[in-house]
$ cat input-v1.cif   # mmCIF, C-alpha atoms
data_input
loop_
_atom_site.label_atom_id
_atom_site.label_comp_id
_atom_site.auth_asym_id
_atom_site.auth_seq_id
_atom_site.Cartn_x
_atom_site.Cartn_y
_atom_site.Cartn_z
CA MET A 1 78.21 58.60 139.95
CA ASP A 2 81.63 59.79 139.80
CA SER A 3 82.10 63.33 139.69
CA ASN A 4 85.46 64.09 141.08
CA HIS A 5 87.50 64.21 137.91
CA GLN A 6 87.35 67.96 138.10
CA ARG A 7 89.94 70.69 138.24
CA SER A 8 89.45 73.52 140.66
CA PRO A 9 87.80 76.65 139.24
CA SER A 10 91.19 78.36 139.27
CA THR A 11 92.69 75.81 136.87
CA PRO A 12 90.23 75.25 134.01
CA ILE A 13 91.29 73.03 131.16
CA SER A 14 92.69 75.05 128.30
CA SER A 15 91.77 74.54 124.67
CA SER A 16 95.26 73.22 123.94
CA GLU A 17 95.03 70.74 126.83
CA ALA A 18 91.60 69.61 125.62
CA GLN A 19 92.99 69.12 122.11
CA GLU A 20 95.90 67.13 123.46
CA LEU A 21 93.66 64.90 125.59
CA MET A 22 91.36 64.17 122.67
CA SER A 23 94.39 63.38 120.54
CA LEU A 24 95.62 60.91 123.14
CA LEU A 25 92.26 59.16 123.20
CA THR A 26 91.74 58.99 119.46
CA GLY A 27 95.35 58.16 118.63
CA GLU A 28 95.61 61.19 116.34
CA GLU A 29 98.56 63.45 116.99
CA SER A 30 98.08 67.13 117.64
CA PRO A 31 100.95 69.63 117.40
CA SER A 32 101.49 69.32 121.18
CA THR A 33 101.24 65.54 121.37
CA THR A 34 104.38 63.44 121.05
CA ASN A 35 104.71 59.76 120.22
CA LYS A 36 106.06 59.26 123.71
CA SER A 37 102.86 60.61 125.32
CA LEU A 38 100.74 58.31 123.16
CA ASN A 39 102.80 55.34 124.23
CA GLU A 40 102.29 56.22 127.89
CA ILE A 41 98.61 55.22 127.61
CA PRO A 42 98.54 51.43 127.14
CA LEU A 43 96.13 49.89 124.67
CA PHE A 44 94.55 46.63 125.86
CA GLU A 45 93.19 44.54 122.99
CA PHE A 46 91.30 41.30 123.49
CA THR A 47 89.14 38.65 121.84
CA GLU A 48 86.68 36.11 123.22
CA ALA A 49 89.62 33.68 123.52
CA ASP A 50 90.73 35.76 126.51
CA TYR A 51 87.52 35.18 128.49
CA ILE A 52 88.03 33.20 131.69
CA ALA A 53 85.38 30.55 132.31
CA VAL A 54 86.96 29.05 135.44
CA GLN A 55 88.34 31.67 137.79
CA CYS A 56 91.46 30.82 139.80
CA GLU A 57 91.74 34.12 141.74
CA LEU A 58 95.02 34.94 139.98
CA ASN A 59 95.94 37.94 137.87
CA SER A 60 94.72 37.70 134.32
CA THR A 61 96.36 40.01 131.80
CA PHE A 62 93.47 42.43 132.29
CA ASP A 63 93.61 42.26 136.10
CA GLN A 64 97.35 42.84 136.10
CA LEU A 65 97.08 45.89 133.85
CA LEU A 66 94.20 47.40 135.85
CA ARG A 67 95.89 46.84 139.20
CA GLU A 68 99.34 48.02 138.15
CA ARG A 69 98.06 51.17 136.46
CA TRP A 70 95.65 51.97 139.30
CA ILE A 71 98.25 51.50 142.02
CA SER A 72 100.73 53.62 140.06
CA SER A 73 98.11 56.35 139.71
CA MET A 74 97.32 56.19 143.43
CA LYS A 75 100.99 56.52 144.37
CA ALA A 76 101.28 59.47 141.99
CA GLY A 77 98.58 61.29 143.97
CA SER A 78 95.82 61.21 141.36
CA MET A 79 93.16 60.28 143.93
CA ASN A 80 91.64 62.18 146.82
CA TYR A 81 92.56 59.35 149.20
CA SER A 82 94.28 55.96 149.03
CA ILE A 83 92.92 52.42 149.22
CA GLU A 84 95.99 50.22 149.51
CA SER A 85 94.29 46.82 149.16
CA THR A 86 90.94 45.07 149.08
CA GLY A 87 90.92 44.99 152.89
CA SER A 88 91.95 48.59 153.57
CA LEU A 89 88.56 50.09 154.36
CA GLN A 90 86.82 49.72 157.71
CA THR A 91 84.20 47.07 157.08
CA LYS A 92 81.10 45.65 158.73
CA ILE A 93 79.40 42.43 157.70
CA ILE A 94 75.74 42.71 158.61
CA SER A 95 74.30 39.23 158.58
CA SER A 96 71.15 37.50 159.78
CA ASN A 97 69.22 34.37 158.93
CA LYS A 98 67.67 36.18 155.97
CA TYR A 99 70.01 38.90 154.69
CA ARG A 100 73.68 39.70 154.38
CA PHE A 101 75.00 43.21 153.68
CA VAL A 102 78.51 44.70 153.47
CA ALA A 103 79.09 48.21 154.84
CA LYS A 104 82.29 50.24 154.51
CA LEU A 105 83.42 53.63 155.77
CA LEU A 106 84.32 56.07 152.98
CA GLU A 107 84.66 59.48 154.61
CA GLY A 108 86.46 60.79 151.53
CA ARG A 109 83.14 60.69 149.67
CA GLY A 110 81.37 62.72 152.35
CA PRO A 111 79.85 66.23 152.32
CA GLY A 112 82.13 68.99 151.08
CA LYS A 113 84.79 66.58 149.81
CA ARG A 114 83.51 66.13 146.26
CA ARG A 115 82.15 68.43 143.62
CA THR A 116 78.43 69.21 143.68
CA PRO A 117 76.64 66.62 141.52
CA ASP A 118 74.81 67.83 138.45
CA THR A 119 71.04 68.17 138.67
CA MET A 120 69.37 65.49 136.58
CA LEU A 121 65.89 66.23 135.23
CA SER A 122 65.23 63.66 132.51
CA LEU A 123 66.41 60.33 131.09
CA ALA A 124 66.73 62.11 127.76
CA MET A 125 69.03 64.93 128.88
CA PRO A 126 71.53 65.58 126.08
CA PHE A 127 75.25 65.67 126.70
CA ASN A 128 76.30 69.19 127.68
CA PRO A 129 79.93 70.02 126.86
CA ASP A 130 79.80 72.97 129.25
CA LYS A 131 79.10 70.72 132.24
CA PHE A 132 81.71 68.50 133.83
CA ASN A 133 82.44 65.46 131.65
CA PHE A 134 85.28 63.02 131.17
CA THR A 135 86.91 64.90 128.32
CA LYS A 136 87.96 67.41 131.01
CA VAL A 137 90.06 65.04 133.09
CA ASN A 138 93.77 65.44 133.43
CA SER A 139 95.57 63.06 131.07
CA LYS A 140 97.32 61.58 134.14
CA GLU A 141 93.95 60.15 135.18
CA ILE A 142 93.75 57.93 132.09
CA LEU A 143 94.78 54.38 133.04
CA PHE A 144 94.50 52.65 129.66
CA ARG A 145 92.37 52.19 126.57
CA ILE A 146 90.44 49.08 125.56
CA LYS A 147 89.67 47.86 122.07
CA CYS A 148 88.27 44.72 120.49
CA TYR A 149 86.49 43.62 117.35
CA ASN A 150 83.18 41.96 118.18
CA GLU A 151 82.30 39.47 115.48
CA GLU A 152 78.65 39.26 116.54
CA MET A 153 78.16 43.00 116.28
CA LYS A 154 80.51 43.45 113.33
CA ALA A 155 81.94 46.43 115.12
CA HIS A 156 84.99 47.68 116.98
CA LEU A 157 84.24 48.22 120.67
CA GLU A 158 86.35 50.86 122.36
CA ALA A 159 86.57 52.38 125.83
CA THR A 160 88.85 54.37 128.07
CA VAL A 161 89.51 53.41 131.69
CA LEU A 162 89.92 56.36 134.06
CA VAL A 163 90.90 56.41 137.69
CA ASN A 164 88.05 57.21 140.08
CA LYS A 165 89.37 60.18 142.07
CA SER A 166 87.14 59.28 145.03
CA PRO A 167 87.39 55.49 144.85
CA ILE A 168 84.57 53.36 146.21
CA GLU A 169 86.84 50.31 146.59
CA TYR A 170 90.16 48.86 145.52
CA CYS A 171 90.97 49.65 141.86
CA SER A 172 87.79 51.75 141.61
CA SER A 173 87.79 53.07 138.06
CA LEU A 174 85.47 54.35 135.36
CA LEU A 175 84.92 52.54 132.07
CA VAL A 176 83.96 55.20 129.51
CA PRO A 177 82.85 53.77 126.16
CA TYR A 178 83.88 55.86 123.15
CA LEU A 179 84.92 58.73 125.40
CA GLU A 180 85.59 61.15 122.58
CA ARG A 181 82.04 60.73 121.20
CA CYS A 182 80.65 62.46 124.31
CA LEU A 183 77.69 60.12 124.74
CA PRO A 184 75.10 60.93 127.43
CA GLN A 185 74.51 58.55 130.35
CA VAL A 186 72.16 56.33 128.37
CA MET A 187 72.95 52.63 128.12
CA THR A 188 73.75 51.22 124.69
CA GLU A 189 74.24 47.72 123.33
CA GLN A 190 77.93 48.41 122.74
CA ALA A 191 78.49 49.77 126.26
CA LEU A 192 76.71 46.83 127.86
CA THR A 193 78.69 44.35 125.75
CA LEU A 194 81.93 46.03 126.80
CA ALA A 195 81.02 45.76 130.48
CA VAL A 196 80.14 42.07 130.28
CA SER A 197 83.32 41.39 128.31
CA ILE A 198 85.44 43.16 130.94
CA LEU A 199 83.97 40.98 133.67
CA ALA A 200 84.68 37.88 131.58
CA LEU A 201 88.33 38.95 131.24
CA SER A 202 88.96 38.90 135.00
CA ASP A 203 90.28 35.93 136.93
CA PHE A 204 88.90 37.38 140.18
CA SER A 205 85.36 36.76 141.37
CA SER A 206 85.63 40.05 143.29
CA LEU A 207 85.51 42.25 140.17
CA ARG A 208 82.16 44.01 139.74
CA LEU A 209 80.71 46.56 137.34
CA GLY A 210 77.80 48.89 137.94
CA TYR A 211 75.81 51.58 136.17
CA ASN A 212 73.44 54.29 137.42
CA SER A 213 71.04 55.93 135.00
CA LEU A 214 70.03 59.57 135.14
CA GLY A 215 67.40 59.90 137.85
CA SER A 216 68.86 56.93 139.68
CA MET A 217 72.00 58.41 141.26
CA ALA A 218 74.13 59.17 138.18
CA SER A 219 75.82 62.52 138.76
CA VAL A 220 77.72 62.89 135.48
CA ASN A 221 75.84 62.87 132.18
CA HIS A 222 78.62 61.15 130.24
CA LEU A 223 78.27 57.43 129.55
CA HIS A 224 80.29 55.39 132.06
CA TRP A 225 80.44 52.24 134.19
CA HIS A 226 81.99 51.78 137.62
CA ILE A 227 84.61 49.04 137.97
CA TYR A 228 85.96 47.86 141.32
CA TYR A 229 87.07 44.84 143.31
CA LEU A 230 84.92 44.01 146.34
CA ASP A 231 86.49 41.13 148.23
CA HIS A 232 83.23 39.84 149.69
CA ARG A 233 80.62 37.49 148.29
CA LEU A 234 77.25 39.19 147.85
CA LEU A 235 74.03 37.42 148.74
CA ILE A 236 72.39 38.34 145.44
CA GLU A 237 74.94 36.15 143.64
CA THR A 238 73.34 33.01 145.09
CA LEU A 239 69.70 33.98 145.71
CA PRO A 240 67.10 32.20 143.56
CA VAL A 241 65.76 33.76 140.37
CA VAL A 242 62.24 32.81 139.25
CA ASP A 243 60.94 33.92 135.85
CA TYR A 244 63.77 36.46 135.61
CA VAL A 245 62.92 38.06 138.97
CA LEU A 246 65.32 38.01 141.94
CA GLN A 247 63.73 36.37 144.97
CA GLU A 248 64.23 36.90 148.72
CA TRP A 249 65.71 40.41 148.36
CA PRO A 250 64.25 43.66 149.75
CA ILE A 251 63.76 45.20 146.32
CA PRO A 252 63.03 43.19 143.14
CA ALA A 253 65.47 43.04 140.26
CA ILE A 254 65.22 41.56 136.78
CA VAL A 255 68.09 39.11 136.32
CA PHE A 256 69.74 37.66 133.25
CA GLU A 257 72.37 34.91 133.38
CA ILE A 258 75.18 34.06 130.97
CA ALA A 259 76.52 30.54 131.36
CA GLU A 260 78.76 30.27 128.28
CA LEU A 261 81.44 32.91 127.93
CA ASN A 262 81.68 33.57 124.22
CA ASP A 263 80.58 36.50 122.11
CA GLU A 264 77.63 34.64 120.58
CA SER A 265 76.11 33.68 123.95
CA ILE A 266 76.78 37.13 125.37
CA ALA A 267 75.14 38.83 122.39
CA ILE A 268 71.93 36.83 122.82
CA ILE A 269 71.53 37.90 126.44
CA ILE A 270 72.58 41.50 125.72
CA LYS A 271 69.72 41.85 123.24
CA ASP A 272 67.26 40.68 125.93
CA VAL A 273 68.71 43.15 128.44
CA MET A 274 68.50 45.98 125.93
CA ARG A 275 64.79 45.29 125.41
CA ILE A 276 64.32 46.16 129.07
CA ILE A 277 66.56 49.23 128.87
CA ASP A 278 64.81 50.48 125.72
CA PHE A 279 61.45 49.99 127.44
CA CYS A 280 62.65 52.20 130.30
CA LEU A 281 63.89 54.87 127.91
CA ASP A 282 60.71 54.81 125.81
CA ASP A 283 58.61 55.20 128.96
CA GLY A 284 60.75 58.14 130.09
CA GLN A 285 59.95 57.70 133.77
CA ILE A 286 61.59 54.36 134.57
CA CYS A 287 65.08 54.97 135.90
CA HIS A 288 67.38 52.03 136.36
CA ASN A 289 70.55 50.65 137.90
CA ILE A 290 72.60 47.76 136.53
CA PHE A 291 75.02 45.53 138.42
CA ILE A 292 77.13 42.76 136.85
CA THR A 293 78.90 40.05 138.84
CA ARG A 294 79.88 36.37 138.79
CA THR A 295 78.20 33.59 140.75
CA PRO A 296 80.27 31.04 142.71
CA MET A 297 79.79 28.72 139.72
CA GLY A 298 81.32 31.27 137.35
CA MET A 299 78.08 32.31 135.66
CA ILE A 300 77.66 36.01 134.90
CA ARG A 301 74.57 37.64 136.40
CA ILE A 302 73.20 40.94 135.14
CA PHE A 303 70.84 42.65 137.60
CA ILE A 304 68.55 45.50 136.53
CA TRP A 305 66.54 47.47 139.07
CA LEU A 306 63.68 49.47 137.53
CA LEU A 307 62.75 52.36 139.83
CA GLU A 308 60.64 55.46 140.03
CA PRO A 309 62.83 58.49 139.23
CA ARG A 310 64.63 60.54 141.83
CA TRP A 311 65.30 63.77 139.96
CA GLY A 312 67.50 66.50 141.33
CA GLN A 313 70.88 66.29 143.07
CA LYS A 314 72.40 63.37 144.92
CA ASP A 315 72.90 63.90 148.67
CA HIS A 316 76.51 63.22 149.70
CA ALA A 317 75.63 63.05 153.40
CA ASN A 318 73.07 60.27 153.40
CA LEU A 319 73.07 56.68 152.27
CA ASN A 320 72.03 56.74 148.63
CA VAL A 321 70.36 53.90 146.78
CA ALA A 322 72.55 53.33 143.74
CA MET A 323 73.97 50.25 142.03
CA SER A 324 76.28 49.34 144.93
CA GLU A 325 73.65 49.63 147.68
CA LEU A 326 71.11 47.72 145.59
CA SER A 327 73.65 44.89 145.36
CA GLY A 328 74.12 44.84 149.15
CA TYR A 329 77.26 47.00 149.47
CA PHE A 330 76.63 50.15 151.52
CA MET A 331 79.04 53.09 151.40
CA CYS A 332 78.89 55.11 154.62
CA LYS A 333 80.29 58.60 154.15
CA LEU A 334 80.01 59.66 157.80
CA ARG A 335 81.60 57.91 160.79
CA ASP A 336 78.35 58.12 162.78
CA SER A 337 76.47 56.49 159.92
CA PHE A 338 78.99 53.64 159.82
CA ALA A 339 78.86 53.18 163.60
CA THR A 340 75.09 52.82 163.66
CA ILE A 341 74.36 50.98 160.42
CA ASP A 342 72.55 47.69 160.94
CA GLU A 343 70.15 45.44 159.07
CA ALA A 344 67.14 47.63 159.86
CA LYS A 345 68.85 50.71 158.37
CA CYS A 346 69.93 48.79 155.29
CA LEU A 347 66.40 47.54 154.72
CA PHE A 348 64.91 50.99 155.34
CA THR A 349 67.33 52.50 152.82
CA LEU A 350 66.57 49.93 150.12
CA ARG A 351 62.83 50.18 150.68
CA SER A 352 62.94 53.97 150.37
CA VAL A 353 62.90 53.61 146.59
CA VAL A 354 59.96 52.31 144.58
CA SER A 355 60.36 49.41 142.17
CA VAL A 356 58.34 49.36 138.96
CA HIS A 357 59.86 46.16 137.59
CA GLU A 358 56.43 44.60 137.04
CA LYS A 359 55.84 47.01 134.13
CA ALA A 360 58.57 45.25 132.13
CA LEU A 361 57.64 41.65 132.95
CA PRO A 362 55.36 41.21 129.89
CA LEU A 363 58.47 41.67 127.73
CA LEU A 364 59.92 38.50 129.25
CA GLN A 365 56.97 36.21 128.63
#
$ encode --input "input-v1.cif" --output "structure tokens"
Amino acid sequence: MDSNHQRSPSTPISSSEAQELMSLLTGEESPSTTNKSLNEIPLFEFTEADYIAVQCELNSTFDQLLRERWISSMKAGSMNYSIESTGSLQTKIISSNKYRFVAKLLEGRGPGKRRTPDTMLSLAMPFNPDKFNFTKVNSKEILFRIKCYNEEMKAHLEATVLVNKSPIEYCSSLLVPYLERCLPQVMTEQALTLAVSILALSDFSSLRLGYNSLGSMASVNHLHWHIYYLDHRLLIETLPVVDYVLQEWPIPAIVFEIAELNDESIAIIIKDVMRIIDFCLDDGQICHNIFITRTPMGMIRIFIWLLEPRWGQKDHANLNVAMSELSGYFMCKLRDSFATIDEAKCLFTLRSVVSVHEKALPLLQ
């Protein structure tokens, strides 16, 4: 969904700059890369011992690094607009006896203020190096790198965290697994494991991660997650789940829960989630959105919405149905839209997409 890490047409990235950026990410020096520049990009390494089972709403090592680097990047002018704290944006809480939604005004993401999203035509679109992708960002937009060895997978998991130039909330960033491999926006077991691990590293219940597939509001075909702090409890975190299906919500989701925060328990659930994702990819016409959050009891919930595809370009003017809106957080890009949003408009927006979750239910029996 984030498409604003783009230089203007008058300042294209040069081959030498591209070589230097790739050197920074891989840790291999190029002739133009100094040891000092490598050291300017922190490397965050972790193990399952760093997972936080009981959150105290204090800075963990991960939270502190993310916040400090993001705030520094904001002050350096790397973003199109500033979000000074979790309460900076104009906010509406839309609540009734049945539903509760959060709406915020984000005019900086409105029409004409971001690059035109790419046109998505298939879940199997290959990565195109000629289109915008995250290898083309300015090196100043790189916040830090992440690395761990996952014993269950017998593999090193790696990612790069980039600033979101048009942030959707406080510390809004992009988690890009194996950035230099130029993977398309297709979920993988490693990328999903990284996202769950990142959530487990935070001491704040407000940290969330989300993913939009191609055909379901992704606008960059380069594998990435959204990371941000949203300082409001979401109703879906406490709604009942029956036979893996979210109840009492306008649009069904398949839900998986992780109670024990260790790599073994996470790996078991990840494999179940990937069965659903692989089913969507094999079908070719089941687009999907993923949202990961913590319940008030500290359990991790993974939500997957399986939807009919919406091919083409995303509309910056209207309310879109992506991972954030599906979770109950609505981003209004126009002041008039924010002034008039209410429960009826939220419900109408969510019900404008078609769920096909029932196709995957036999996999869960």
$ atom_distance --input "input-v1.cif" --atom1 "atom CA of A:Pro126" --atom2 "atom CA of A:Asn221"
7.9 Å
$ closest_residue --input "input-v1.cif" --among "A:Lys359, A:Arg233, A:Lys98, A:Lys165" --to "A:Met79" --atoms "only C-alpha atoms"
A:Lys165
$ residues_around --input "input-v1.cif" --residues "stretch 51-62 of chain A" --least-positions-apart "4" --cutoff "6 Å" --atoms "all atoms listed in the file" --output "list of chain:residue names"
A:Ala200, A:Leu201, A:Ser202, A:Asp203, A:Phe204
$ atom_distance --input "input-v1.cif" --atom1 "atom CA of A:Ser337" --atom2 "atom CA of A:Gly87"
19.8 Å
$ atom_distance --input "input-v1.cif" --atom1 "atom CA of A:Phe256" --atom2 "atom CA of A:Ile276"
10.9 Å
$ closest_residue --input "input-v1.cif" --among "A:Gln247, A:Ser216, A:Ser95, A:Ser206" --to "A:Val353" --atoms "all atoms listed in the file"
A:Ser216
